[in-house]
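Q: Dropping the structure in here first, questions after.
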Amino acid sequence: MLPYYEEIDCVLTHLNVERTEGLREEEAQRRLGEHGENKLTEKKKETLLQKFLNQFKDAMIIILLVAAAVSFAISIYNREEGFAEPVLILLIVLLNAALGVSQESKAEKALDALKKLSAPHARVIRGGKETVIDAKHLVPGDIIHIEAGDFIPADARLFESASLRCEESALTGESVPSEKDAALTVEENAPLGDRRNMVYSGCSVSYGRAGAVVTATGMNTEMGKIAHMLDTEEEGQTPLQQKLAVLGKYLGFAALAICVVIFVVGLLDGMHVMEIFMIAVSLAVSAIPEGLPAIVTIVLAIGVERMVKRNAIIRKLPAVETLGSASVICSDKTGTLTQNRMTLVQAFDASSGLTEEIGEENSPAVRELLKYAALCSDGYVELEGDELRHIGDPTETSLAFAAHKNGMTHHALKEGYPRLAEIPFDSDRKLMTTVNRIDGKTMVIVKGAFDVLAEKCVRGDLAAAKAAVERMSRQALRVLAVAYRETDSFSAAPTPEELEHSLTLMGVVGMIDPPRPEVKVAVDICKRAGIRPVMITGDHVVTACAIAEELGILREGDEAVTGSELAVMPEEELSARVKNISVYARVSPSDKIRIVRAWQNEGQVVAMTGDGVNDAPALKAADIGCAMGITGTDVAKGAADMTLTDDNFATIVEAVREGRSIYDNIRKSVGYLLGTNIGEVLTVFIAMLIWRTSPLLSMQLLWINLVTDSLPAIALGMEPVESDVMERMPKAKNEGIFAGGLGVKVAIQGIMFCGLTLLGFWLGQVMLGGSLKEGRTMSFIILAFTQVIHSFNMRSTRSLFAIGPFTNRKLVQAGIISTLMIAVIIFIEPIAKLFELVMMPWYMYLIAAGLAFVPVPVMEIAKLFMRRKHV
């Protein structure tokens, strides 16, 4: 049964209830047992232990655990050796897991926020008597009464209403309260916002009163359906997470394959099995970039701090990178692109026939029109400290605000022109009437829909007014007409027939929820950055198109589609047309998810901005959701990845800019770390084939990977934003992390590190007549210092000397600290002994230092070659 489509008597019969008697208490209890409590449910959340264990599913971590186990076994077998190495590996793994858990946001905050929107109490008829009960005890068939100021406790079909208007912007996206009418006939396929004979759970009554029969409770309400979509909508990994996961698997398989080769070679050569195992552990440690997950997390966290300063709060760290990859931004209109406040913008004076923009010093005729309109309104504005508060219906407060700007305050109007009588607004009449004492005369003021009011006017230029109304309507303005007449007397309880006749048309006013002034610039910047802005709103298509055209979202040749059209559109057709559609109007929450997925199926990274409950499922389904911090509901904030604290769409542009910069910096850090690991793997593997030993021990490799490399890698993540970052097209969703020549650079530096380290090992052990420990000491010094110096090469694809070697002060500081830490390991004898390093003759240190600077000319030549290739 569709309660909004059926006649009210059929609905009451179907629910087996009488409107005057309501349900009997025993029947209500039976239905409560059948349907459950009127509250939202949620899925079981992961425990802290489950979250911790999930961190060990990563391929890189599994390989490290295996390496630790092998190292423990070797330590037990060789009793003279300590357990420092396996303990160090385990500590690294546990630290990584702890970091992962600490960065995960609290699960399913959106559902908790939705619960807060549920009305705690309800006025209900049970057994012919009105009583107040907990809203969670409501059941389908309950008769409820609601009035202005009430939260609506459940979805219900109206059977009586008086001037009822409900605030549904959080559910439908409409910027003004929706007028309700119990007697209205609604089409079967009407969208949610047009079902005006229904009221919905979690919304509120802004005006009037009504009686209704509950048709749905709990998870079966429209609010509950949104909660269900939030509960069932899966959250996928971000592009960076996916790429690093694949990279970890590749590195793991490569390490295993090389270990197999080492085992075969070692066994054929007659090496001891334990010795082969020790080399294999070194290889596993060298293949796995242990610091990579932590480094990426830290670089993202640094980016989060920078974005907070730009009014963007990140809820999930990987969302920073995803935002930088965004190629489509699907934005709600109300409160996001617009100010979410009805504003009077034009006035037509019937006496002069002139249209005037509303300002602070309007003409006397328009000021008089604004005065009369404000007097015939219940809404008003008042100063509270330094803040001007809008109290009442948004349409009426826009009239009061326009009068206030012209020097007519609410208090002055109320005291100077007292109201003597009134006839409240009625959705059938579409008019409101007041009687006021103005300059010693008794004046009847009527405001409302022009087409209705014009029929009651006998004076005024109606033809010119009609033309003005049509002109304003084409601009998507909401139009109200104002008329008046003088009267000598009126009854104590005046009727419309008594007052609303023989009127003089004073004029018409046009209002709109205006665009935010900074949004147009933001949209232009997004377009230059290759980002497609799309408007998705619950508002009417004419209004949506007018705002979209003004902002530059709706361009020539673009389409606008309504929710009704979208409902009957097959997925194949939506996929074919989605690139041409810039505006979606009168849509439902499920429609928004369809739109997001249609773009995602085209390979786009989709960002969704919004502030209402209706945005929450799409915010969660999108690659990144951006909620508004001031006007946004708790539901939207809980479902989103990012919150804009100033509700400024332009902040999106800054967030994208930061996101792109952070992703660039992460690529620099990843390239730097992986180049190191490739160099280490090649060094261990080739040395095994040539000398049947490893030039670096696993503890030495861990020190280089986690201590020496980490600070420069973090500092690379703090590289300043490049000036042209918002002039580039977004990177493709399937673009690899090594695109743009990074893979070639990583390979070059890996081969270079390997060659220099092996050369040092050979010089230390063979050429200079040293021992195995001296060869390993040379290898350690060269590899460690080479990586510190090479971090400066990774700052940019441009020449290091063109950008300035020392312009990144954080990297300079990191390089100095890393150099000191290397010196501590080398020159403090007890620590050097722990790492199996030895003191060498002074000339060997000079040779090692000279080899450490080789990457600078090598990478300068490589950059020159790459630049010429792309010219």
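Chain labels A, B, ... are given in the sequence in which chains occur in the structure tokens; within each chain residues are numbered consecutively from 1, and ligands are likewise numbered from 1 in the order shown.
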Would you kindly return, as JSON, numbers by chain, each protein, DNA or RNA residue with an atom no farther than 9 Å from any atom of region 750-759 of chain A, considering only C-alpha atoms and excluding same-chain residues fewer than 4 positions away?

A: {"A": [674, 675, 676, 677, 678, 679, 680, 681, 682, 683, 684, 686, 687, 695, 745, 746, 763, 764, 778, 779, 780, 781, 782, 783, 786, 787, 851, 852, 854, 855, 858]}

Q: Only N, CA and C atoms, please: the residues just picked out, written as an mmCIF file, in the first residue's frame.

A:
```cif
data_model
loop_
_atom_site.group_PDB
_atom_site.id
_atom_site.type_symbol
_atom_site.label_atom_id
_atom_site.label_comp_id
_atom_site.auth_asym_id
_atom_site.auth_seq_id
_atom_site.Cartn_x
_atom_site.Cartn_y
_atom_site.Cartn_z
ATOM 1 N N LEU A 674 61.166 3.053 -1.870
ATOM 2 C CA LEU A 674 61.227 1.837 -2.676
ATOM 3 C C LEU A 674 62.536 1.737 -3.443
ATOM 4 N N GLY A 675 63.056 2.873 -3.877
ATOM 5 C CA GLY A 675 64.364 2.851 -4.532
ATOM 6 C C GLY A 675 65.413 2.274 -3.596
ATOM 7 N N THR A 676 65.309 2.653 -2.321
ATOM 8 C CA THR A 676 66.210 2.113 -1.300
ATOM 9 C C THR A 676 66.060 0.605 -1.179
ATOM 10 N N ASN A 677 64.799 0.149 -1.100
ATOM 11 C CA ASN A 677 64.558 -1.286 -0.924
ATOM 12 C C ASN A 677 65.010 -2.098 -2.138
ATOM 13 N N ILE A 678 64.759 -1.574 -3.329
ATOM 14 C CA ILE A 678 65.206 -2.282 -4.534
ATOM 15 C C ILE A 678 66.725 -2.394 -4.535
ATOM 16 N N GLY A 679 67.383 -1.299 -4.151
ATOM 17 C CA GLY A 679 68.840 -1.329 -4.065
ATOM 18 C C GLY A 679 69.322 -2.363 -3.072
ATOM 19 N N GLU A 680 68.637 -2.467 -1.925
ATOM 20 C CA GLU A 680 69.034 -3.436 -0.899
ATOM 21 C C GLU A 680 68.820 -4.873 -1.366
ATOM 22 N N VAL A 681 67.667 -5.131 -2.008
ATOM 23 C CA VAL A 681 67.386 -6.482 -2.508
ATOM 24 C C VAL A 681 68.429 -6.904 -3.536
ATOM 25 N N LEU A 682 68.697 -6.014 -4.485
ATOM 26 C CA LEU A 682 69.686 -6.332 -5.525
ATOM 27 C C LEU A 682 71.065 -6.553 -4.909
ATOM 28 N N THR A 683 71.379 -5.744 -3.905
ATOM 29 C CA THR A 683 72.686 -5.877 -3.247
ATOM 30 C C THR A 683 72.836 -7.240 -2.592
ATOM 31 N N VAL A 684 71.847 -7.637 -1.778
ATOM 32 C CA VAL A 684 71.897 -8.932 -1.081
ATOM 33 C C VAL A 684 71.890 -10.086 -2.084
ATOM 34 N N ILE A 686 72.686 -10.181 -5.445
ATOM 35 C CA ILE A 686 73.877 -10.290 -6.303
ATOM 36 C C ILE A 686 75.105 -10.695 -5.482
ATOM 37 N N ALA A 687 75.224 -10.154 -4.264
ATOM 38 C CA ALA A 687 76.344 -10.535 -3.398
ATOM 39 C C ALA A 687 76.294 -12.025 -3.071
ATOM 40 N N PRO A 695 76.293 -8.556 2.158
ATOM 41 C CA PRO A 695 77.100 -7.419 2.577
ATOM 42 C C PRO A 695 76.440 -6.588 3.676
ATOM 43 N N LYS A 745 62.662 6.284 -12.443
ATOM 44 C CA LYS A 745 63.546 6.888 -11.444
ATOM 45 C C LYS A 745 63.853 5.905 -10.318
ATOM 46 N N VAL A 746 62.831 5.158 -9.871
ATOM 47 C CA VAL A 746 63.025 4.188 -8.796
ATOM 48 C C VAL A 746 63.995 3.097 -9.242
ATOM 49 N N LEU A 763 85.569 -3.052 -2.258
ATOM 50 C CA LEU A 763 86.734 -2.260 -1.866
ATOM 51 C C LEU A 763 87.132 -2.553 -0.421
ATOM 52 N N GLY A 764 86.149 -2.625 0.459
ATOM 53 C CA GLY A 764 86.441 -2.827 1.874
ATOM 54 C C GLY A 764 86.984 -4.211 2.175
ATOM 55 N N MET A 778 81.800 -0.674 5.187
ATOM 56 C CA MET A 778 81.828 0.184 3.999
ATOM 57 C C MET A 778 80.457 0.197 3.319
ATOM 58 N N SER A 779 79.849 -0.989 3.184
ATOM 59 C CA SER A 779 78.528 -1.093 2.541
ATOM 60 C C SER A 779 77.500 -0.279 3.308
ATOM 61 N N PHE A 780 77.518 -0.393 4.644
ATOM 62 C CA PHE A 780 76.552 0.329 5.483
ATOM 63 C C PHE A 780 76.716 1.839 5.338
ATOM 64 N N ILE A 781 77.977 2.322 5.415
ATOM 65 C CA ILE A 781 78.221 3.774 5.329
ATOM 66 C C ILE A 781 77.766 4.315 3.984
ATOM 67 N N ILE A 782 78.142 3.630 2.897
ATOM 68 C CA ILE A 782 77.800 4.111 1.555
ATOM 69 C C ILE A 782 76.296 4.112 1.346
ATOM 70 N N LEU A 783 75.614 2.995 1.694
ATOM 71 C CA LEU A 783 74.175 2.905 1.469
ATOM 72 C C LEU A 783 73.424 3.944 2.309
ATOM 73 N N THR A 786 74.337 7.597 1.056
ATOM 74 C CA THR A 786 73.825 7.783 -0.306
ATOM 75 C C THR A 786 72.330 8.107 -0.272
ATOM 76 N N GLN A 787 71.574 7.441 0.592
ATOM 77 C CA GLN A 787 70.131 7.645 0.645
ATOM 78 C C GLN A 787 69.789 9.013 1.236
ATOM 79 N N LEU A 851 81.764 8.225 -2.778
ATOM 80 C CA LEU A 851 80.768 7.397 -3.480
ATOM 81 C C LEU A 851 79.332 7.816 -3.110
ATOM 82 N N ALA A 852 79.127 8.312 -1.866
ATOM 83 C CA ALA A 852 77.785 8.699 -1.412
ATOM 84 C C ALA A 852 77.221 9.866 -2.218
ATOM 85 N N VAL A 854 77.673 10.349 -5.485
ATOM 86 C CA VAL A 854 77.483 9.973 -6.887
ATOM 87 C C VAL A 854 76.032 10.167 -7.360
ATOM 88 N N PRO A 855 74.978 9.897 -6.526
ATOM 89 C CA PRO A 855 73.592 10.054 -7.006
ATOM 90 C C PRO A 855 73.266 11.443 -7.539
ATOM 91 N N VAL A 858 74.246 11.708 -11.273
ATOM 92 C CA VAL A 858 73.489 10.675 -12.000
ATOM 93 C C VAL A 858 72.037 11.097 -12.182
#
```

Q: Of the candidates A:Met821, A:Ile714, A:Leu772, A:Leu701, which one gets nearest to Gly303 (chain A) if we count only C-alpha atoms?

A: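 That would be A:Ile714, the residue with the smallest distance to Gly303 (chain A).
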
Q: Would you list the contacts of Ser204 (chain A) as a list of chain:residue names, taking every protein, DNA or RNA residue within 12 Å and counting only C-alpha atoms, but skipping same-chain residues closer than 3 positions in sequence?

A: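 Once the adjacent positions are removed, what remains is A:Leu117, A:Ser118, A:Ala119, A:Ile146, A:Glu147, A:Ala148, A:Gly149, A:Asp150, A:Phe151, A:Ile152, A:Pro153, A:Ala154, A:Asp155, A:Leu164, A:Arg165, A:Cys166, A:Glu167, A:Glu168, A:Ser169, A:Ala170, A:Leu171, A:Pro177, A:Ser178, A:Val199, A:Tyr200, A:Ser201, A:Tyr207, A:Gly208, A:Arg209.
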
Q: Step one, run DSSP on the backbone; step two, keep only residues of region 439-545 of chain A assigned to strand (DSSP E); then write them as a PyMOL selection string.

A: chain A and resi 441-448+457-459+478-486+503-512+532-536

Q: Please provide the set of residues having any atom within 7 Å of Val788 (chain A), restricted to only C-alpha atoms, with same-chain residues fewer than 2 positions apart removed, written as a PDB file with N, CA and C atoms, in the first residue's frame.

A:
```pdb
ATOM      1  N   ASP A 709      66.283   6.456   6.822  1.00  0.00           N
ATOM      2  CA  ASP A 709      65.429   6.868   5.705  1.00  0.00           C
ATOM      3  C   ASP A 709      64.175   7.617   6.133  1.00  0.00           C
ATOM      4  N   PRO A 712      64.087  11.817   6.264  1.00  0.00           N
ATOM      5  CA  PRO A 712      64.039  12.447   4.944  1.00  0.00           C
ATOM      6  C   PRO A 712      62.741  12.151   4.197  1.00  0.00           C
ATOM      7  N   ALA A 784      73.819   4.108   3.573  1.00  0.00           N
ATOM      8  CA  ALA A 784      73.113   5.045   4.456  1.00  0.00           C
ATOM      9  C   ALA A 784      73.293   6.485   3.994  1.00  0.00           C
ATOM     10  N   PHE A 785      74.543   6.911   3.749  1.00  0.00           N
ATOM     11  CA  PHE A 785      74.786   8.298   3.347  1.00  0.00           C
ATOM     12  C   PHE A 785      74.255   8.585   1.943  1.00  0.00           C
ATOM     13  N   THR A 786      74.337   7.597   1.056  1.00  0.00           N
ATOM     14  CA  THR A 786      73.825   7.783  -0.306  1.00  0.00           C
ATOM     15  C   THR A 786      72.330   8.107  -0.272  1.00  0.00           C
ATOM     16  N   HIS A 790      70.502  11.399  -1.534  1.00  0.00           N
ATOM     17  CA  HIS A 790      69.573  11.203  -2.653  1.00  0.00           C
ATOM     18  C   HIS A 790      68.181  11.767  -2.359  1.00  0.00           C
ATOM     19  N   SER A 791      67.811  11.918  -1.079  1.00  0.00           N
ATOM     20  CA  SER A 791      66.487  12.463  -0.746  1.00  0.00           C
ATOM     21  C   SER A 791      66.313  13.862  -1.338  1.00  0.00           C
ATOM     22  N   GLY A 815      68.064  15.776   7.075  1.00  0.00           N
ATOM     23  CA  GLY A 815      69.353  15.279   6.593  1.00  0.00           C
ATOM     24  C   GLY A 815      70.436  15.386   7.649  1.00  0.00           C
TER      25      GLY A 815
END
```

Q: CA of Leu689 (chain A) to CA of Gly266 (chain A): how many Å, to one decimal?

A: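 Going from CA of Leu689 (chain A) over to CA of Gly266 (chain A) covers 8.8 Å.
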
Q: Which residue gives the smallest distance to Lys668 (chain A) among A:Ile262, A:Ala373, A:Met511, A:Met718, with only C-alpha atoms counted?

A: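 Closest residue, counting only C-alpha atoms: A:Met718.
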
Q: Could you check how far CA of Phe450 (chain A) sits from CA of Gly335 (chain A), in Å to one decimal?

A: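 Computed distance, CA of Phe450 (chain A) to CA of Gly335 (chain A), equals 27.7 Å.
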
Q: Name all residues at most 9 Å from Leu477 (chain A) (count only C-alpha atoms; drop same-chain ones fewer than 5 positions away) and give them as an MDAnalysis selection string.

A: chainID A and resid 345:346 469 471:472 509:513 543

Q: Give me the residues near Arg597 (chain A) as number ranges by chain, where near means some atom within 9 Å (using only C-alpha atoms) and where sequence neighbours in that chain fewer than 3 positions away do not count.

A: A: 592-594, 600-602, 606, 621-622

Q: Which residues are near region 137-140 of chain A? Cut-off 10 Å, only C-alpha atoms, ignore same chain within fewer than 2 positions. Put them as JSON, numbers by chain.

A: {"A": [15, 16, 17, 23, 27, 28, 29, 30, 31, 32, 33, 34, 35, 36, 37, 38, 39, 120, 121, 122, 123, 124, 133, 134, 135, 142, 143, 144, 153, 154, 155, 156, 213, 214, 215, 216, 217, 218]}

Q: Can you work out which one of A:Gln813, A:Thr708, A:Gln700, A:Thr20 has the shortest atom-to-atom distance to Lys833 (chain A), counting only C-alpha atoms?

A: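 Checking each of A:Gln813, A:Thr708, A:Gln700, A:Thr20 against Lys833 (chain A), counting only C-alpha atoms, the winner is A:Gln700.
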
Q: Quick one: DSSP alpha helix (DSSP H) residues in region 617-654 of chain A, as number ranges by chain?

A: A: 617-621, 634-639, 650-654

Q: Okay, now the selection with N, CA and C atoms, as a PDB file, in the first residue's frame?

A:
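Just written: again.pdb:
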```pdb
ATOM      1  N   PRO A 617      23.781   8.809   2.633  1.00  0.00           N
ATOM      2  CA  PRO A 617      24.170   7.580   1.940  1.00  0.00           C
ATOM      3  C   PRO A 617      25.094   7.831   0.759  1.00  0.00           C
ATOM      4  N   ALA A 618      24.841   8.877  -0.011  1.00  0.00           N
ATOM      5  CA  ALA A 618      25.705   9.185  -1.155  1.00  0.00           C
ATOM      6  C   ALA A 618      27.069   9.671  -0.683  1.00  0.00           C
ATOM      7  N   LEU A 619      27.120  10.391   0.445  1.00  0.00           N
ATOM      8  CA  LEU A 619      28.400  10.808   1.001  1.00  0.00           C
ATOM      9  C   LEU A 619      29.256   9.594   1.327  1.00  0.00           C
ATOM     10  N   LYS A 620      28.605   8.554   1.811  1.00  0.00           N
ATOM     11  CA  LYS A 620      29.340   7.345   2.176  1.00  0.00           C
ATOM     12  C   LYS A 620      29.695   6.513   0.951  1.00  0.00           C
ATOM     13  N   ALA A 621      28.820   6.497  -0.045  1.00  0.00           N
ATOM     14  CA  ALA A 621      29.069   5.706  -1.249  1.00  0.00           C
ATOM     15  C   ALA A 621      30.122   6.342  -2.146  1.00  0.00           C
ATOM     16  N   ASP A 634      24.338  16.101  11.911  1.00  0.00           N
ATOM     17  CA  ASP A 634      25.279  15.126  12.462  1.00  0.00           C
ATOM     18  C   ASP A 634      25.370  13.900  11.578  1.00  0.00           C
ATOM     19  N   VAL A 635      24.268  13.575  10.930  1.00  0.00           N
ATOM     20  CA  VAL A 635      24.237  12.408  10.049  1.00  0.00           C
ATOM     21  C   VAL A 635      25.218  12.587   8.889  1.00  0.00           C
ATOM     22  N   ALA A 636      25.150  13.745   8.252  1.00  0.00           N
ATOM     23  CA  ALA A 636      26.036  14.008   7.118  1.00  0.00           C
ATOM     24  C   ALA A 636      27.491  13.999   7.560  1.00  0.00           C
ATOM     25  N   LYS A 637      27.781  14.621   8.712  1.00  0.00           N
ATOM     26  CA  LYS A 637      29.160  14.672   9.194  1.00  0.00           C
ATOM     27  C   LYS A 637      29.678  13.276   9.516  1.00  0.00           C
ATOM     28  N   GLY A 638      28.807  12.448  10.091  1.00  0.00           N
ATOM     29  CA  GLY A 638      29.228  11.102  10.448  1.00  0.00           C
ATOM     30  C   GLY A 638      29.500  10.222   9.244  1.00  0.00           C
ATOM     31  N   ALA A 639      28.768  10.452   8.152  1.00  0.00           N
ATOM     32  CA  ALA A 639      28.929   9.629   6.953  1.00  0.00           C
ATOM     33  C   ALA A 639      30.052  10.123   6.057  1.00  0.00           C
ATOM     34  N   ALA A 650      34.137  27.070  -1.604  1.00  0.00           N
ATOM     35  CA  ALA A 650      35.480  27.404  -2.079  1.00  0.00           C
ATOM     36  C   ALA A 650      36.553  26.638  -1.306  1.00  0.00           C
ATOM     37  N   THR A 651      36.226  26.207  -0.089  1.00  0.00           N
ATOM     38  CA  THR A 651      37.173  25.411   0.676  1.00  0.00           C
ATOM     39  C   THR A 651      37.456  24.090  -0.032  1.00  0.00           C
ATOM     40  N   ILE A 652      36.488  23.608  -0.812  1.00  0.00           N
ATOM     41  CA  ILE A 652      36.702  22.396  -1.604  1.00  0.00           C
ATOM     42  C   ILE A 652      37.901  22.572  -2.527  1.00  0.00           C
ATOM     43  N   VAL A 653      38.010  23.744  -3.117  1.00  0.00           N
ATOM     44  CA  VAL A 653      39.118  24.001  -4.052  1.00  0.00           C
ATOM     45  C   VAL A 653      40.449  23.908  -3.318  1.00  0.00           C
ATOM     46  N   GLU A 654      40.518  24.515  -2.135  1.00  0.00           N
ATOM     47  CA  GLU A 654      41.751  24.449  -1.353  1.00  0.00           C
ATOM     48  C   GLU A 654      42.036  23.015  -0.918  1.00  0.00           C
TER      49      GLU A 654
END
```

Q: Have a look at CA of Thr338 (chain A) and CA of Pro517 (chain A) and let me know their distance in Å, one decimal.

A: 8.7 Å

Q: In terms of the shortest atom-to-atom distance over only C-alpha atoms, which of A:Gly193, A:Gly610, A:Gly252, A:Gly127 is closest to Asp332 (chain A)?

A: A:Gly610
